[in-house]
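Structure file structure_36.cif; described as mmCIF, C-alpha atoms.
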```cif
data_run
loop_
_atom_site.label_atom_id
_atom_site.label_comp_id
_atom_site.auth_asym_id
_atom_site.auth_seq_id
_atom_site.Cartn_x
_atom_site.Cartn_y
_atom_site.Cartn_z
CA MET I 1 41.45 21.64 -26.49
CA ASP I 2 39.96 19.35 -29.15
CA LYS I 3 36.16 19.62 -29.09
CA THR I 4 35.77 15.83 -29.23
CA ILE I 5 38.04 15.38 -26.23
CA ASP I 6 36.26 18.21 -24.39
CA ALA I 7 32.87 16.55 -25.03
CA MET I 8 34.17 13.16 -23.92
CA THR I 9 35.55 14.75 -20.75
CA ARG I 10 32.19 16.30 -19.94
CA TYR I 11 30.33 13.06 -20.60
CA LEU I 12 32.82 11.15 -18.46
CA PHE I 13 32.33 13.66 -15.64
CA ILE I 14 28.55 13.28 -15.85
CA PHE I 15 28.89 9.48 -15.89
CA ILE I 16 31.11 9.55 -12.81
CA MET I 17 28.67 11.83 -10.99
CA ILE I 18 25.82 9.42 -11.76
CA LEU I 19 27.84 6.52 -10.38
CA VAL I 20 28.72 8.52 -7.26
CA SER I 21 25.10 9.54 -6.68
CA GLN I 22 23.95 5.94 -7.11
CA GLY I 23 26.58 4.86 -4.65
CA MET I 24 25.39 7.43 -2.14
CA TYR I 25 21.77 6.28 -2.43
CA SER I 26 22.76 2.64 -2.06
CA GLN I 27 24.27 3.22 1.38
CA LYS I 28 22.75 3.48 4.83
CA ASP I 29 23.41 7.12 5.65
CA PRO I 30 24.49 7.26 9.35
CA GLU I 31 23.03 10.75 9.79
CA ALA I 32 19.68 9.56 8.48
CA LYS I 33 19.81 6.54 10.79
CA LYS I 34 20.43 8.75 13.84
CA ILE I 35 17.23 10.66 13.13
CA LEU I 36 15.21 7.54 12.32
CA ASP I 37 16.39 5.81 15.49
CA LYS I 38 15.39 8.84 17.58
CA VAL I 39 11.93 8.93 16.02
CA SER I 40 11.53 5.19 16.61
CA ALA I 41 12.70 5.45 20.22
CA ARG I 42 10.40 8.37 20.91
CA SER I 43 7.34 6.63 19.49
CA GLN I 44 8.06 3.51 21.53
CA ARG I 45 8.40 5.60 24.70
CA ASP I 46 5.02 7.15 23.90
CA TYR I 47 3.16 3.83 23.45
CA PRO I 48 0.22 3.48 23.36
CA ILE I 49 -0.16 6.36 20.92
CA GLN I 50 -3.13 7.67 18.99
CA VAL I 51 -2.81 9.72 15.81
CA SER I 52 -5.28 11.12 13.35
CA PHE I 53 -4.16 11.20 9.74
CA GLU I 54 -4.99 11.90 6.15
CA TYR I 55 -4.45 9.07 3.71
CA ILE I 56 -4.01 10.09 0.08
CA TYR I 57 -4.01 7.59 -2.78
CA GLU I 58 -2.85 9.02 -6.10
CA ASP I 59 -3.28 7.13 -9.38
CA LEU I 60 -1.15 8.92 -11.96
CA MET I 61 -2.27 6.65 -14.78
CA ASP I 62 -5.97 7.41 -14.34
CA LYS I 63 -5.29 10.91 -12.97
CA GLN I 64 -7.38 10.27 -9.89
CA THR I 65 -6.72 11.18 -6.27
CA THR I 66 -8.61 9.83 -3.25
CA THR I 67 -8.29 11.31 0.24
CA GLN I 68 -9.58 9.72 3.42
CA LYS I 69 -9.26 10.62 7.08
CA GLY I 70 -8.59 8.11 9.79
CA THR I 71 -7.26 7.34 13.25
CA LEU I 72 -4.67 4.87 14.48
CA ILE I 73 -4.08 3.47 17.95
CA LEU I 74 -0.68 1.76 18.09
CA GLU I 75 1.17 -0.17 20.78
CA GLU I 76 4.16 -2.14 19.54
CA ASN I 77 2.75 -4.79 17.16
CA ARG I 78 -0.87 -4.20 18.17
CA PHE I 79 -3.10 -1.65 16.50
CA LYS I 80 -6.61 -0.44 15.76
CA LEU I 81 -6.98 1.42 12.49
CA LYS I 82 -10.04 3.32 11.29
CA VAL I 83 -10.13 4.68 7.76
CA GLY I 84 -13.18 5.26 5.61
CA GLU I 85 -15.72 2.48 6.23
CA THR I 86 -13.07 0.03 7.42
CA VAL I 87 -11.86 -0.75 10.93
CA VAL I 88 -8.85 -3.06 11.28
CA TYR I 89 -7.94 -4.67 14.59
CA SER I 90 -4.76 -6.60 15.33
CA ASP I 91 -3.50 -8.10 18.57
CA GLY I 92 -0.20 -9.03 16.93
CA LYS I 93 -1.35 -12.56 16.07
CA THR I 94 -4.74 -12.13 14.41
CA VAL I 95 -6.13 -9.41 12.14
CA TRP I 96 -9.84 -8.56 11.92
CA ASN I 97 -10.80 -6.43 8.92
CA HIS I 98 -14.28 -5.06 9.63
CA LEU I 99 -16.19 -3.61 6.67
CA THR I 100 -18.74 -1.57 8.57
CA SER I 101 -21.06 -0.77 5.65
CA ALA I 102 -21.42 -4.47 4.79
CA ASN I 103 -21.28 -5.61 8.43
CA GLU I 104 -18.68 -8.22 7.51
CA VAL I 105 -15.40 -9.03 9.21
CA TYR I 106 -12.55 -10.95 7.58
CA VAL I 107 -10.18 -12.80 9.90
CA SER I 108 -6.57 -13.57 8.94
CA ASP I 109 -3.18 -14.20 10.51
CA ALA I 110 -1.15 -11.09 11.25
CA GLU I 111 1.79 -12.17 9.07
CA ASP I 112 -0.53 -12.35 6.06
CA GLY I 113 -1.23 -8.64 6.31
CA SER I 114 2.41 -7.71 6.79
CA SER I 115 3.38 -9.44 3.55
CA SER I 116 1.07 -7.24 1.48
CA GLU I 117 2.48 -4.64 -0.88
CA ASP I 118 -0.04 -2.06 0.26
CA PHE I 119 1.55 0.85 2.04
CA PHE I 120 0.60 1.55 5.69
CA ILE I 121 -3.05 0.54 5.47
CA SER I 122 -2.39 -3.22 5.41
CA ASP I 123 -0.06 -3.15 8.42
CA PRO I 124 0.68 0.15 10.20
CA SER I 125 2.36 -1.56 13.15
CA ASP I 126 5.85 -1.01 11.72
CA LEU I 127 5.32 2.61 10.65
CA PHE I 128 8.12 3.83 12.94
CA THR I 129 10.47 0.85 12.60
CA PHE I 130 10.14 -0.54 9.06
CA TYR I 131 13.46 0.98 7.93
CA ASN I 132 15.48 -1.35 10.19
CA GLU I 133 15.52 -4.31 7.80
CA GLY I 134 15.72 -4.44 4.03
CA PHE I 135 16.10 -0.72 3.40
CA LYS I 136 18.74 1.89 2.66
CA TYR I 137 18.30 5.58 3.40
CA SER I 138 19.67 9.03 2.75
CA LEU I 139 19.23 12.36 4.56
CA LYS I 140 18.27 14.89 1.89
CA GLY I 141 18.29 18.00 4.08
CA GLU I 142 15.79 20.34 5.71
CA ILE I 143 12.66 22.07 4.42
CA GLU I 144 10.37 24.68 5.94
CA HIS I 145 6.65 23.81 5.98
CA ASN I 146 3.81 25.37 8.01
CA LYS I 147 6.33 27.10 10.29
CA GLN I 148 8.03 23.79 10.96
CA THR I 149 11.56 22.69 10.14
CA LEU I 150 11.36 19.19 8.71
CA ASN I 151 14.13 16.70 8.01
CA GLU I 152 13.64 14.97 4.67
CA ILE I 153 14.81 11.35 4.47
CA ASP I 154 14.52 9.11 1.41
CA ILE I 155 14.30 5.36 2.02
CA PHE I 156 14.89 2.73 -0.67
CA PRO I 157 13.91 -0.96 -0.52
CA GLU I 158 16.73 -3.41 -1.15
CA ASP I 159 14.17 -5.79 -2.65
CA LEU I 160 13.79 -4.46 -6.18
CA ASP I 161 10.57 -6.45 -6.62
CA LYS I 162 8.70 -4.11 -4.29
CA ASN I 163 5.87 -2.18 -5.91
CA TYR I 164 7.39 1.10 -4.73
CA HIS I 165 10.88 2.46 -5.29
CA THR I 166 11.12 5.22 -2.66
CA VAL I 167 9.56 6.18 0.66
CA LYS I 168 9.97 9.85 1.55
CA LEU I 169 9.70 10.73 5.23
CA LEU I 170 9.31 14.23 6.62
CA ILE I 171 10.23 14.44 10.31
CA ASP I 172 9.79 17.40 12.62
CA LYS I 173 13.30 18.42 13.61
CA LYS I 174 12.23 19.89 16.95
CA ASP I 175 10.05 17.19 18.50
CA LEU I 176 11.23 14.18 16.43
CA ARG I 177 7.75 13.22 15.33
CA MET I 178 6.94 11.98 11.88
CA TYR I 179 5.02 14.55 9.84
CA SER I 180 4.37 12.45 6.74
CA ALA I 181 5.35 9.34 4.83
CA GLN I 182 4.98 9.01 1.07
CA ALA I 183 5.57 5.88 -0.99
CA TYR I 184 6.23 6.35 -4.70
CA GLY I 185 4.96 3.39 -6.72
CA LYS I 186 6.65 1.99 -9.81
CA HIS I 187 3.38 1.87 -11.73
CA GLY I 188 2.04 5.34 -11.03
CA ALA I 189 0.32 4.63 -7.70
CA ASN I 190 1.49 6.83 -4.82
CA HIS I 191 0.45 6.54 -1.18
CA THR I 192 0.78 9.40 1.31
CA VAL I 193 0.05 9.50 5.04
CA ILE I 194 0.04 12.88 6.81
CA LEU I 195 -0.02 12.54 10.60
CA ASN I 196 -1.96 15.18 12.48
CA ASP I 197 -3.07 15.04 16.11
CA TYR I 198 -0.64 12.96 18.19
CA LYS I 199 -1.55 11.71 21.66
CA ALA I 200 0.96 9.81 23.79
CA ARG I 201 0.39 7.14 26.42
CA ILE I 202 -3.36 6.88 25.98
CA LYS I 203 -5.43 4.41 27.98
CA THR I 204 -5.97 1.03 26.30
CA ASP I 205 -6.60 -2.59 27.26
CA ASP I 206 -6.49 -5.93 25.45
CA LYS I 207 -10.03 -5.40 24.12
CA THR I 208 -8.89 -2.29 22.24
CA PHE I 209 -7.08 -4.44 19.69
CA VAL I 210 -9.54 -7.35 19.37
CA PHE I 211 -12.76 -7.49 17.35
CA ASP I 212 -15.67 -8.79 19.43
CA PRO I 213 -18.61 -10.06 17.32
CA ALA I 214 -20.90 -9.56 20.32
CA ASP I 215 -20.49 -5.80 19.89
CA HIS I 216 -21.74 -6.01 16.28
CA PRO I 217 -25.07 -7.85 16.09
CA GLY I 218 -25.63 -9.69 12.82
CA VAL I 219 -22.01 -9.38 11.66
CA GLU I 220 -20.88 -12.03 9.17
CA VAL I 221 -17.52 -13.53 10.14
CA VAL I 222 -15.37 -14.80 7.28
CA ASP I 223 -12.34 -16.70 8.56
CA THR I 224 -9.70 -16.90 5.82
CA ARG I 225 -7.19 -18.84 7.93
CA PHE I 226 -6.39 -22.43 7.01
#
```

Transcribe the structure of this file into structure tokens.
Amino acid sequence: MDKTIDAMTRYLFIFIMILVSQGMYSQKDPEAKKILDKVSARSQRDYPIQVSFEYIYEDLMDKQTTTQKGTLILEENRFKLKVGETVVYSDGKTVWNHLTSANEVYVSDAEDGSSSEDFFISDPSDLFTFYNEGFKYSLKGEIEHNKQTLNEIDIFPEDLDKNYHTVKLLIDKKDLRMYSAQAYGKHGANHTVILNDYKARIKTDDKTFVFDPADHPGVEVVDTRF
């Protein structure tokens, strides 16, 4: 066979494979959705849940990595999040961002937080359901980690203006609990959340998700709502 034709054939094959792979990633993989739906259903059955986690922020440009530990109490669209020196409360309508070291709390509407590009920290309420709208996903397979079999699912935002291009989820195959979520940023900033201790159906009340200034003498309240 003519070498030029042989080379063109190989390049054409590679080009076709690229198109096929892009087509695969652009779809909503039904096998991935089955797993995601089971994880979502399980978490909702377990509400209210409490998890401890490690949050890792990686800046590839500056070659810096920051790790913080935190806890999250979650019940549908209500949550209480502790990480570092920040405690965030949300009752689904209002968000209170309490900076404990400064004894300041910033008050905003809940939808303002959900529109942020920050991963997880700005609004963890949709951690188990965010894939339902505006995303495509693909089941990559299984990996073994710490004596666990984990399903690996890649999730891609349909909105190409997002600051991240991929979210990688690792899900325990046996108990259908999320092990970790990692968002890969377009500009070298990656966010990773590793979920550790998981407690189901904990005791909460309405006060759990609301910041009460009376419990924090001298706190400065900054209301950013208009």

Rows by chain and residue number, stretch 64-162 of chain I within 10 Å of stretch 213-218 of chain I, shortest pair, only C-alpha atoms, as CSV:
```
residue,atom,partner,partner_atom,distance
I:Thr100,CA,I:His216,CA,9.4
I:Asn103,CA,I:Gly218,CA,7.4
I:Glu104,CA,I:Gly218,CA,8.9
I:Val105,CA,I:Pro213,CA,8.8
```

For I:Thr94, which residue among I:Tyr131, I:Val210, I:Ile202, I:Glu220 is the nearest when counting all atoms listed in the file? I:Val210

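Distances from I:Leu74, I:Ala189, I:Leu99, I:Ile153 to I:Ser52 were compared using all atoms listed in the file, and the smallest one belongs to I:Leu74.
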
Given all atoms listed in the file as the basis, pick out the residue of I:Thr149, I:Asn97, I:Thr65, I:Phe156 nearest to I:Asp29.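 Closest to I:Asp29, using all atoms listed in the file: I:Phe156.
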
Expressed in Å to a single decimal, how great is the separation between atom CA of I:Tyr57 and atom CA of I:Val193?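 A separation of 9.0 Å between them.
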
So which residues touch I:Ala181 within 12 Å, counting all atoms listed in the file, skipping near sequence neighbours fewer than 2 positions away, as a PyMOL selection string? chain I and resi 53-56+119-120+124+127-128+130+151-155+166-171+177-179+183-184+190-195

May I ask which of the residues I:Ile73, I:Val88, I:Val39, I:Ala102 is the closest one to I:Thr204, counting only C-alpha atoms?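 Of all the options, I:Ile73 lies closest to I:Thr204.
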
Contact residues around I:Pro157 with all atoms listed in the file at 10 Å, ignoring same-chain residues under 3 positions, as a CSV table (one decimal) with C-alpha atoms, in the frame of the given file:
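New file out28.csv:
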```
chain,number,residue,atom,x,y,z
I,26,SER,CA,22.8,2.6,-2.1
I,131,TYR,CA,13.5,1.0,7.9
I,133,GLU,CA,15.5,-4.3,7.8
I,134,GLY,CA,15.7,-4.4,4.0
I,135,PHE,CA,16.1,-0.7,3.4
I,136,LYS,CA,18.7,1.9,2.7
I,137,TYR,CA,18.3,5.6,3.4
I,160,LEU,CA,13.8,-4.5,-6.2
I,161,ASP,CA,10.6,-6.4,-6.6
I,162,LYS,CA,8.7,-4.1,-4.3
I,163,ASN,CA,5.9,-2.2,-5.9
I,164,TYR,CA,7.4,1.1,-4.7
I,165,HIS,CA,10.9,2.5,-5.3
I,166,THR,CA,11.1,5.2,-2.7
I,167,VAL,CA,9.6,6.2,0.7
```

Please write as an MDAnalysis selection string the full residue list that the PyMOL selection byres ((chain I and resi 90) around 12) yields on this file. chainID I and resid 72:82 87:89 91:98 106:114 122:125 206:212

Any chance you could export the current selection's C-alpha atoms as a PDB file, keeping the file's coordinate frame?
```pdb
ATOM      1  CA  LEU I  72      -4.670   4.870  14.480  1.00  0.00           C
ATOM      2  CA  ILE I  73      -4.080   3.470  17.950  1.00  0.00           C
ATOM      3  CA  LEU I  74      -0.680   1.760  18.090  1.00  0.00           C
ATOM      4  CA  GLU I  75       1.170  -0.170  20.780  1.00  0.00           C
ATOM      5  CA  GLU I  76       4.160  -2.140  19.540  1.00  0.00           C
ATOM      6  CA  ASN I  77       2.750  -4.790  17.160  1.00  0.00           C
ATOM      7  CA  ARG I  78      -0.870  -4.200  18.170  1.00  0.00           C
ATOM      8  CA  PHE I  79      -3.100  -1.650  16.500  1.00  0.00           C
ATOM      9  CA  LYS I  80      -6.610  -0.440  15.760  1.00  0.00           C
ATOM     10  CA  LEU I  81      -6.980   1.420  12.490  1.00  0.00           C
ATOM     11  CA  LYS I  82     -10.040   3.320  11.290  1.00  0.00           C
ATOM     12  CA  VAL I  87     -11.860  -0.750  10.930  1.00  0.00           C
ATOM     13  CA  VAL I  88      -8.850  -3.060  11.280  1.00  0.00           C
ATOM     14  CA  TYR I  89      -7.940  -4.670  14.590  1.00  0.00           C
ATOM     15  CA  ASP I  91      -3.500  -8.100  18.570  1.00  0.00           C
ATOM     16  CA  GLY I  92      -0.200  -9.030  16.930  1.00  0.00           C
ATOM     17  CA  LYS I  93      -1.350 -12.560  16.070  1.00  0.00           C
ATOM     18  CA  THR I  94      -4.740 -12.130  14.410  1.00  0.00           C
ATOM     19  CA  VAL I  95      -6.130  -9.410  12.140  1.00  0.00           C
ATOM     20  CA  TRP I  96      -9.840  -8.560  11.920  1.00  0.00           C
ATOM     21  CA  ASN I  97     -10.800  -6.430   8.920  1.00  0.00           C
ATOM     22  CA  HIS I  98     -14.280  -5.060   9.630  1.00  0.00           C
ATOM     23  CA  TYR I 106     -12.550 -10.950   7.580  1.00  0.00           C
ATOM     24  CA  VAL I 107     -10.180 -12.800   9.900  1.00  0.00           C
ATOM     25  CA  SER I 108      -6.570 -13.570   8.940  1.00  0.00           C
ATOM     26  CA  ASP I 109      -3.180 -14.200  10.510  1.00  0.00           C
ATOM     27  CA  ALA I 110      -1.150 -11.090  11.250  1.00  0.00           C
ATOM     28  CA  GLU I 111       1.790 -12.170   9.070  1.00  0.00           C
ATOM     29  CA  ASP I 112      -0.530 -12.350   6.060  1.00  0.00           C
ATOM     30  CA  GLY I 113      -1.230  -8.640   6.310  1.00  0.00           C
ATOM     31  CA  SER I 114       2.410  -7.710   6.790  1.00  0.00           C
ATOM     32  CA  SER I 122      -2.390  -3.220   5.410  1.00  0.00           C
ATOM     33  CA  ASP I 123      -0.060  -3.150   8.420  1.00  0.00           C
ATOM     34  CA  PRO I 124       0.680   0.150  10.200  1.00  0.00           C
ATOM     35  CA  SER I 125       2.360  -1.560  13.150  1.00  0.00           C
ATOM     36  CA  ASP I 206      -6.490  -5.930  25.450  1.00  0.00           C
ATOM     37  CA  LYS I 207     -10.030  -5.400  24.120  1.00  0.00           C
ATOM     38  CA  THR I 208      -8.890  -2.290  22.240  1.00  0.00           C
ATOM     39  CA  PHE I 209      -7.080  -4.440  19.690  1.00  0.00           C
ATOM     40  CA  VAL I 210      -9.540  -7.350  19.370  1.00  0.00           C
ATOM     41  CA  PHE I 211     -12.760  -7.490  17.350  1.00  0.00           C
ATOM     42  CA  ASP I 212     -15.670  -8.790  19.430  1.00  0.00           C
TER      43      ASP I 212
END
```

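Note that atom CA of I:Lys199 and atom CA of I:Lys173 are 18.2 Å apart.
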
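By chain and then residue number, the residues within 9 Å of I:Glu31 are Leu36, Ser138 and Leu139 of chain I, counting all atoms listed in the file and disregarding those fewer than 5 positions away in sequence.
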
So how far away is atom CA of I:Lys33 from atom CA of I:Arg45, in Å? 18.0 Å

List the spatial neighbours of I:Ala200 as a PDB file with C-alpha atoms, keeping the file's coordinate frame - criterion: any atom at most 8 Å away, all atoms listed in the file, same-chain residues fewer than 5 positions off excluded.
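Full text of around33.pdb as output:
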```
ATOM      1  CA  ASP I  46       5.020   7.150  23.900  1.00  0.00           C
ATOM      2  CA  TYR I  47       3.160   3.830  23.450  1.00  0.00           C
ATOM      3  CA  PRO I  48       0.220   3.480  23.360  1.00  0.00           C
ATOM      4  CA  ILE I  49      -0.160   6.360  20.920  1.00  0.00           C
ATOM      5  CA  GLN I  50      -3.130   7.670  18.990  1.00  0.00           C
TER       6      GLN I  50
END
```

Which is closer to I:Leu150 than all the others in I:Asp223, I:Asp175, I:Asp62, I:Glu85, using all atoms listed in the file?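 Among the listed residues, I:Asp175 lies closest to I:Leu150.
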